Structure formats: C-alpha cells, structure tokens
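Participant: Sharing structure_20.pdb below, PDB, C-alpha atoms, pLDDT in the B column:
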ATOM      1  CA  MET M 615     -77.289 -70.181 -11.702  1.00 59.00           C
ATOM      2  CA  LEU M 616     -75.309 -67.644  -9.762  1.00 72.00           C
ATOM      3  CA  ARG M 617     -77.602 -65.070  -8.281  1.00 83.00           C
ATOM      4  CA  LEU M 618     -77.443 -62.632  -5.396  1.00 87.00           C
ATOM      5  CA  SER M 619     -80.161 -62.637  -2.775  1.00 92.00           C
ATOM      6  CA  LYS M 620     -82.397 -59.605  -2.311  1.00 95.00           C
ATOM      7  CA  LYS M 621     -80.537 -58.885   0.934  1.00 96.00           C
ATOM      8  CA  ALA M 622     -77.218 -58.744  -0.923  1.00 95.00           C
ATOM      9  CA  ASP M 623     -78.788 -56.509  -3.594  1.00 96.00           C
ATOM     10  CA  TYR M 624     -80.121 -54.187  -0.903  1.00 97.00           C
ATOM     11  CA  ALA M 625     -76.779 -54.162   0.900  1.00 97.00           C
ATOM     12  CA  LEU M 626     -74.965 -53.111  -2.274  1.00 97.00           C
ATOM     13  CA  MET M 627     -77.600 -50.448  -2.965  1.00 96.00           C
ATOM     14  CA  ALA M 628     -77.184 -49.065   0.556  1.00 97.00           C
ATOM     15  CA  MET M 629     -73.389 -49.098   0.311  1.00 97.00           C
ATOM     16  CA  LYS M 630     -73.503 -47.225  -3.005  1.00 96.00           C
ATOM     17  CA  HIS M 631     -75.993 -44.740  -1.530  1.00 95.00           C
ATOM     18  CA  LEU M 632     -73.667 -44.053   1.395  1.00 96.00           C
ATOM     19  CA  ALA M 633     -70.598 -43.815  -0.855  1.00 95.00           C
ATOM     20  CA  VAL M 634     -72.318 -41.282  -3.109  1.00 93.00           C
ATOM     21  CA  ARG M 635     -73.309 -39.226  -0.041  1.00 86.00           C
ATOM     22  CA  GLY M 636     -69.667 -39.074   0.974  1.00 80.00           C
ATOM     23  CA  ASP M 637     -68.970 -36.608   3.771  1.00 74.00           C
ATOM     24  CA  ARG M 638     -72.458 -35.095   3.790  1.00 75.00           C
ATOM     25  CA  GLY M 639     -73.387 -36.993   6.937  1.00 73.00           C
ATOM     26  CA  SER M 640     -75.019 -40.276   7.687  1.00 87.00           C
ATOM     27  CA  SER M 641     -78.227 -41.779   6.333  1.00 93.00           C
ATOM     28  CA  SER M 642     -80.920 -43.510   8.344  1.00 93.00           C
ATOM     29  CA  ALA M 643     -82.312 -46.922   7.486  1.00 94.00           C
ATOM     30  CA  ARG M 644     -85.645 -45.225   6.806  1.00 94.00           C
ATOM     31  CA  GLU M 645     -84.108 -42.717   4.380  1.00 94.00           C
ATOM     32  CA  ILE M 646     -82.357 -45.445   2.383  1.00 96.00           C
ATOM     33  CA  ALA M 647     -85.387 -47.752   2.422  1.00 96.00           C
ATOM     34  CA  GLU M 648     -87.742 -45.005   1.231  1.00 95.00           C
ATOM     35  CA  GLN M 649     -85.397 -43.843  -1.536  1.00 94.00           C
ATOM     36  CA  TYR M 650     -85.278 -47.342  -3.076  1.00 94.00           C
ATOM     37  CA  ASP M 651     -88.730 -48.690  -2.080  1.00 95.00           C
ATOM     38  CA  ILE M 652     -87.305 -51.352   0.230  1.00 96.00           C
ATOM     39  CA  PRO M 653     -89.171 -52.522   3.347  1.00 96.00           C
ATOM     40  CA  ILE M 654     -87.718 -50.589   6.313  1.00 96.00           C
ATOM     41  CA  GLU M 655     -87.460 -53.659   8.546  1.00 96.00           C
ATOM     42  CA  LEU M 656     -85.450 -55.548   5.938  1.00 97.00           C
ATOM     43  CA  MET M 657     -83.167 -52.582   5.283  1.00 97.00           C
ATOM     44  CA  ALA M 658     -82.558 -52.154   9.020  1.00 95.00           C
ATOM     45  CA  LYS M 659     -81.541 -55.832   9.330  1.00 97.00           C
ATOM     46  CA  VAL M 660     -79.207 -55.583   6.332  1.00 97.00           C
ATOM     47  CA  LEU M 661     -77.567 -52.424   7.686  1.00 97.00           C
ATOM     48  CA  GLN M 662     -77.093 -53.958  11.144  1.00 96.00           C
ATOM     49  CA  ARG M 663     -75.397 -56.998   9.615  1.00 97.00           C
ATOM     50  CA  LEU M 664     -73.042 -54.679   7.710  1.00 98.00           C
ATOM     51  CA  VAL M 665     -72.263 -52.907  11.001  1.00 97.00           C
ATOM     52  CA  ARG M 666     -71.516 -56.240  12.724  1.00 96.00           C
ATOM     53  CA  ARG M 667     -69.170 -57.158   9.859  1.00 97.00           C
ATOM     54  CA  GLY M 668     -67.306 -53.846  10.175  1.00 97.00           C
ATOM     55  CA  LEU M 669     -68.352 -52.373   6.825  1.00 97.00           C
ATOM     56  CA  LEU M 670     -70.582 -49.661   8.305  1.00 97.00           C
ATOM     57  CA  VAL M 671     -70.640 -47.652  11.508  1.00 95.00           C
ATOM     58  CA  SER M 672     -73.858 -46.517  13.129  1.00 94.00           C
ATOM     59  CA  HIS M 673     -74.516 -43.433  15.226  1.00 88.00           C
ATOM     60  CA  GLN M 674     -77.476 -42.978  17.567  1.00 86.00           C
ATOM     61  CA  GLY M 675     -79.427 -39.794  18.084  1.00 77.00           C
ATOM     62  CA  THR M 676     -81.252 -37.207  16.033  1.00 75.00           C
ATOM     63  CA  ARG M 677     -78.337 -36.818  13.624  1.00 74.00           C
ATOM     64  CA  GLY M 678     -77.601 -40.520  13.736  1.00 79.00           C
ATOM     65  CA  GLY M 679     -77.594 -43.069  10.993  1.00 91.00           C
ATOM     66  CA  TYR M 680     -75.119 -45.154   9.028  1.00 95.00           C
ATOM     67  CA  GLN M 681     -71.808 -44.323   7.364  1.00 94.00           C
ATOM     68  CA  LEU M 682     -69.177 -46.386   5.586  1.00 95.00           C
ATOM     69  CA  ALA M 683     -66.549 -47.696   8.008  1.00 95.00           C
ATOM     70  CA  ARG M 684     -63.777 -47.303   5.398  1.00 95.00           C
ATOM     71  CA  MET M 685     -63.203 -45.406   2.190  1.00 95.00           C
ATOM     72  CA  PRO M 686     -65.367 -46.772  -0.674  1.00 95.00           C
ATOM     73  CA  ALA M 687     -62.247 -47.851  -2.594  1.00 96.00           C
ATOM     74  CA  GLN M 688     -61.293 -50.082   0.361  1.00 96.00           C
ATOM     75  CA  ILE M 689     -64.573 -52.047   0.384  1.00 97.00           C
ATOM     76  CA  SER M 690     -65.078 -54.671  -2.308  1.00 97.00           C
ATOM     77  CA  VAL M 691     -68.323 -56.061  -3.640  1.00 96.00           C
ATOM     78  CA  ALA M 692     -67.092 -59.445  -2.352  1.00 95.00           C
ATOM     79  CA  ASP M 693     -66.811 -57.977   1.176  1.00 97.00           C
ATOM     80  CA  VAL M 694     -70.439 -56.863   1.067  1.00 97.00           C
ATOM     81  CA  ILE M 695     -71.821 -60.071  -0.440  1.00 96.00           C
ATOM     82  CA  GLN M 696     -69.943 -62.274   2.029  1.00 95.00           C
ATOM     83  CA  ALA M 697     -71.032 -60.085   4.951  1.00 97.00           C
ATOM     84  CA  ILE M 698     -74.649 -60.724   4.008  1.00 96.00           C
ATOM     85  CA  GLU M 699     -74.619 -64.234   2.523  1.00 93.00           C
ATOM     86  CA  GLY M 700     -71.547 -65.861   4.019  1.00 89.00           C
ATOM     87  CA  PRO M 701     -68.916 -67.614   1.922  1.00 86.00           C
ATOM     88  CA  VAL M 702     -69.474 -67.620  -1.841  1.00 84.00           C
ATOM     89  CA  THR M 703     -70.039 -71.146  -3.117  1.00 81.00           C
ATOM     90  CA  VAL M 704     -70.813 -72.611  -6.537  1.00 80.00           C
ATOM     91  CA  THR M 705     -71.380 -76.233  -5.504  1.00 77.00           C
ATOM     92  CA  ALA M 706     -73.042 -77.954  -2.571  1.00 72.00           C
ATOM     93  CA  CYS M 707     -69.782 -79.704  -1.658  1.00 71.00           C
ATOM     94  CA  SER M 708     -68.138 -76.333  -1.083  1.00 61.00           C
ATOM     95  CA  THR M 709     -69.748 -76.245   2.355  1.00 57.00           C
ATOM     96  CA  ASP M 710     -70.643 -79.900   3.012  1.00 51.00           C
ATOM     97  CA  ASP M 711     -67.114 -80.850   4.151  1.00 59.00           C
ATOM     98  CA  GLY M 712     -67.082 -83.977   2.010  1.00 53.00           C
ATOM     99  CA  GLN M 713     -70.611 -85.082   2.896  1.00 71.00           C
ATOM    100  CA  CYS M 714     -71.660 -85.406  -0.776  1.00 76.00           C
ATOM    101  CA  GLU M 715     -72.082 -88.999  -1.954  1.00 80.00           C
ATOM    102  CA  GLN M 716     -69.967 -88.268  -5.056  1.00 78.00           C
ATOM    103  CA  PHE M 717     -67.245 -86.342  -3.206  1.00 76.00           C
ATOM    104  CA  SER M 718     -64.488 -88.947  -3.633  1.00 78.00           C
ATOM    105  CA  LYS M 719     -65.237 -89.602  -7.311  1.00 83.00           C
ATOM    106  CA  CYS M 720     -66.372 -86.167  -8.446  1.00 84.00           C
ATOM    107  CA  ASN M 721     -64.503 -85.079 -11.558  1.00 87.00           C
ATOM    108  CA  VAL M 722     -65.617 -81.433 -11.532  1.00 84.00           C
ATOM    109  CA  ARG M 723     -65.126 -80.493  -7.866  1.00 80.00           C
ATOM    110  CA  ASP M 724     -61.621 -79.068  -8.221  1.00 84.00           C
ATOM    111  CA  PRO M 725     -62.298 -77.212 -11.494  1.00 88.00           C
ATOM    112  CA  LEU M 726     -65.419 -75.698  -9.912  1.00 86.00           C
ATOM    113  CA  TYR M 727     -63.377 -74.610  -6.887  1.00 86.00           C
ATOM    114  CA  ARG M 728     -61.135 -72.747  -9.341  1.00 91.00           C
ATOM    115  CA  VAL M 729     -64.224 -71.164 -10.949  1.00 90.00           C
ATOM    116  CA  ARG M 730     -65.316 -70.048  -7.458  1.00 89.00           C
ATOM    117  CA  ASP M 731     -61.881 -68.529  -6.857  1.00 91.00           C
ATOM    118  CA  ARG M 732     -62.123 -66.589 -10.143  1.00 93.00           C
ATOM    119  CA  ILE M 733     -65.588 -65.310  -9.247  1.00 90.00           C
ATOM    120  CA  LEU M 734     -64.332 -64.175  -5.838  1.00 91.00           C
ATOM    121  CA  ALA M 735     -61.326 -62.497  -7.433  1.00 94.00           C
ATOM    122  CA  ALA M 736     -63.577 -60.574  -9.840  1.00 93.00           C
ATOM    123  CA  LEU M 737     -65.947 -59.546  -7.033  1.00 92.00           C
ATOM    124  CA  GLY M 738     -62.924 -58.578  -4.935  1.00 94.00           C
ATOM    125  CA  GLU M 739     -61.592 -56.269  -7.644  1.00 94.00           C
ATOM    126  CA  CYS M 740     -64.841 -54.329  -7.950  1.00 95.00           C
ATOM    127  CA  THR M 741     -65.154 -51.744  -5.178  1.00 96.00           C
ATOM    128  CA  ILE M 742     -67.960 -49.677  -3.747  1.00 96.00           C
ATOM    129  CA  ALA M 743     -66.149 -46.643  -5.188  1.00 95.00           C
ATOM    130  CA  GLU M 744     -66.540 -48.170  -8.636  1.00 94.00           C
ATOM    131  CA  LEU M 745     -70.259 -48.748  -8.034  1.00 93.00           C
ATOM    132  CA  ALA M 746     -70.614 -45.171  -6.793  1.00 93.00           C
ATOM    133  CA  SER M 747     -68.922 -43.748  -9.889  1.00 92.00           C
ATOM    134  CA  ASP M 748     -71.597 -45.277 -12.124  1.00 80.00           C
ATOM    135  CA  PRO M 749     -74.309 -42.652 -12.661  1.00 74.00           C
ATOM    136  CA  ALA M 750     -77.814 -43.288 -11.401  1.00 66.00           C
ATOM    137  CA  PRO M 751     -80.302 -44.352 -14.066  1.00 65.00           C
ATOM    138  CA  VAL M 752     -82.308 -41.541 -15.585  1.00 60.00           C
ATOM    139  CA  PRO M 753     -86.073 -42.156 -15.540  1.00 61.00           C
ATOM    140  CA  ALA M 754     -87.397 -42.843 -19.022  1.00 60.00           C
ATOM    141  CA  ARG M 755     -89.369 -40.046 -20.596  1.00 59.00           C
ATOM    142  CA  ALA M 756     -92.385 -40.621 -22.731  1.00 57.00           C
ATOM    143  CA  ALA M 757     -91.579 -40.595 -26.408  1.00 56.00           C
ATOM    144  CA  VAL M 758     -92.971 -37.696 -28.381  1.00 57.00           C
ATOM    145  CA  LEU M 759     -93.941 -38.255 -31.980  1.00 59.00           C
ATOM    146  CA  HIS M 760     -93.401 -35.236 -34.184  1.00 56.00           C
ATOM    147  CA  THR M 761     -95.179 -35.088 -37.502  1.00 58.00           C
ATOM    148  CA  HIS M 762     -94.458 -32.588 -40.194  1.00 59.00           C
ATOM    149  CA  ILE M 763     -97.399 -31.407 -42.249  1.00 55.00           C
TER     150      ILE M 763
END
Write out the structure in this file as structure tokens.

Facilitator:
Amino acid sequence: MLRLSKKADYALMAMKHLAVRGDRGSSSAREIAEQYDIPIELMAKVLQRLVRRGLLVSHQGTRGGYQLARMPAQISVADVIQAIEGPVTVTACSTDDGQCEQFSKCNVRDPLYRVRDRILAALGECTIAELASDPAPVPARAAVLHTHI
C-alpha cells in the first residue's frame, strides 16, 4: 500500500497554508499547528526539515515565522514528500542496492521501477499552487428536518 506518513501529510498541510496566505506575511509553527490540531513539536520539526531542504525560509523575531522559499507553482508535491520522507520507493529493493535474496531473479523489479517513475511523475506535476487552489472543506451543518402540516 502506498501511503504518506503523518509528517508528509503535515508538511503538505503547512505548505498549502503558507501558499494560501501568500504575501500576507509569515506564519509561526504554533499558528499552523493550532489551526490544524497538530502537536507543535512535530510541526516545528517538519517545518525545520522543509527549511533545510530549501522549500521554506524562516525568519526570527516577533514578526518571524515561515514562508515559502519559491512561488507555489514552482514547488511540487513530490518535492515536499521527498524532503520529508526521502526517495519515493515502492519495493524494498529500491533502496537495498541489490541486497534482496531475489534481486537477480526477480521478474517484477523493473516493471515496479517504472511504476515508481510514473508515481513520481504524477506527484511532480501536482504543485502546491494546485493544492492551494482547492477550497477548504466547509464544516458540515446539522440537517434540519422540515415537516409540513
């Protein structure tokens, strides 16, 4: 099963948050964490990793916080996921450097590498700008039953 870690989810949420904010200034780790009910310590670690990977910039001080390092259209979902999780893999042999016992006789290794390449291409085409253009979910309202007498 292909599944993103919570850290990758949180990173994408933070990147969308910052893209939607646009030029209205930076956001603190606390602000982002509180808005989405994410533990502040975890959000701070995720944001720092994104800074180290060059996707965010951070500013110290009372008006400090985090901002996107590039325009949202120039940052792909693949960039964010790989900054947090490292290289995208679909099989154990993708990172084992031939250490798998079946490596020499595996008949699905190369096709699965091509699947990985397609997944990366799809993630690379989707940008933070695209995520930011998707409206935020509207909280569900309680249904009201109307009866006519």

Participant: Starting from the displayed file, determine the output of the PyMOL selection byres ((chain M and resi 643) around 8) and express the residue list as a ChimeraX atom specification.

Facilitator: /M:641-642,644-647,654,657-658,661,679-680

Participant: With all atoms listed in the file as the basis for distance, which of M:Arg684, M:Arg663, M:Arg732, M:Lys630 is at the shortest distance from Val702 of chain M?

Facilitator: M:Arg732

Participant: I'd like the neighbourhood of Gly636 of chain M as a list of chain:residue names, where a residue qualifies if any of its atoms comes within 10 Å (using all atoms listed in the file), though same-chain residues fewer than 6 positions away should be ignored.

Facilitator: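 Non-adjacent residues within range: M:Lys630, M:Gln681, M:Leu682, M:Met685, M:Pro686, M:Ala746.
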
Participant: What does the distance from atom CA of Cys740 of chain M to atom CA of Leu656 of chain M come to in Å, to one decimal?

Facilitator: 24.9 Å

Participant: Out of M:Ser619, M:Ser640, M:Gln696, M:Gln688, which residue has the shortest atom-to-atom distance to Gln674 of chain M when counting only C-alpha atoms?

Facilitator: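 Using only C-alpha atoms, Gln674 of chain M sits closest to M:Ser640.
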
Participant: Could you state which residues are captured by the PyMOL selection byres ((chain M and resi 693) around 10) in this file, as number ranges by chain?

Facilitator: M: 664, 667-669, 688-692, 694-698, 700-701, 734, 737-738, 741-742

Participant: List the residues sitting within 7 Å of (-77.3, -56.1, 0.6) in the file's frame, using all atoms listed in the file, as a list in words.

Facilitator: Lys620, Lys621, Ala622, Asp623, Tyr624, Ala625, Leu626, Met627, Val660, Val694, Ile695 and Ile698 of chain M

Participant: Calculate how many Å separate atom CA of Ser747 of chain M from atom CA of Leu618 of chain M, rounding to one decimal.

Facilitator: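 Atom CA of Ser747 of chain M sits 21.2 Å away from atom CA of Leu618 of chain M.
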
Participant: Find the distance between atom CA of Arg730 of chain M and atom CA of Thr703 of chain M and write it in Å to one decimal.

Facilitator: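 Value for the atom CA of Arg730 of chain M-atom CA of Thr703 of chain M distance: 6.5 Å.
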
Participant: Distance cut-off 8 Å, centre (-71.2, -70.5, -8.6) in file coordinates, counting only C-alpha atoms: which residues qualify? Return them as a VMD selection string.

Facilitator: chain M and resid 615 to 616 702 to 705 726 729 to 730 733

Participant: As lines of an AutoDock Vina configuration file, please report the centre and edge lengths, rounded to one decimal in Å, of the axis-aligned box that holds all listed atoms of segment 616-633 of chain M with 5 Å of padding on each of the six sides.

Facilitator:
center_x = -76.5
center_y = -55.7
center_z = -4.2
size_x = 21.8
size_y = 33.8
size_z = 21.2

Participant: Out of M:Asp724, M:Val665, M:Phe717, M:Ala687, which residue has the shortest atom-to-atom distance to Ala633 of chain M when counting all atoms listed in the file?

Facilitator: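 Looking at the shortest contact to Ala633 of chain M, the residue is M:Ala687.
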
Participant: With only C-alpha atoms as the basis for distance, which of M:Arg677, M:Asp748, M:Val722, M:His631 is at the shortest distance from Gln649 of chain M?

Facilitator: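 Once distances to Gln649 of chain M are computed over only C-alpha atoms, the minimum belongs to M:His631.
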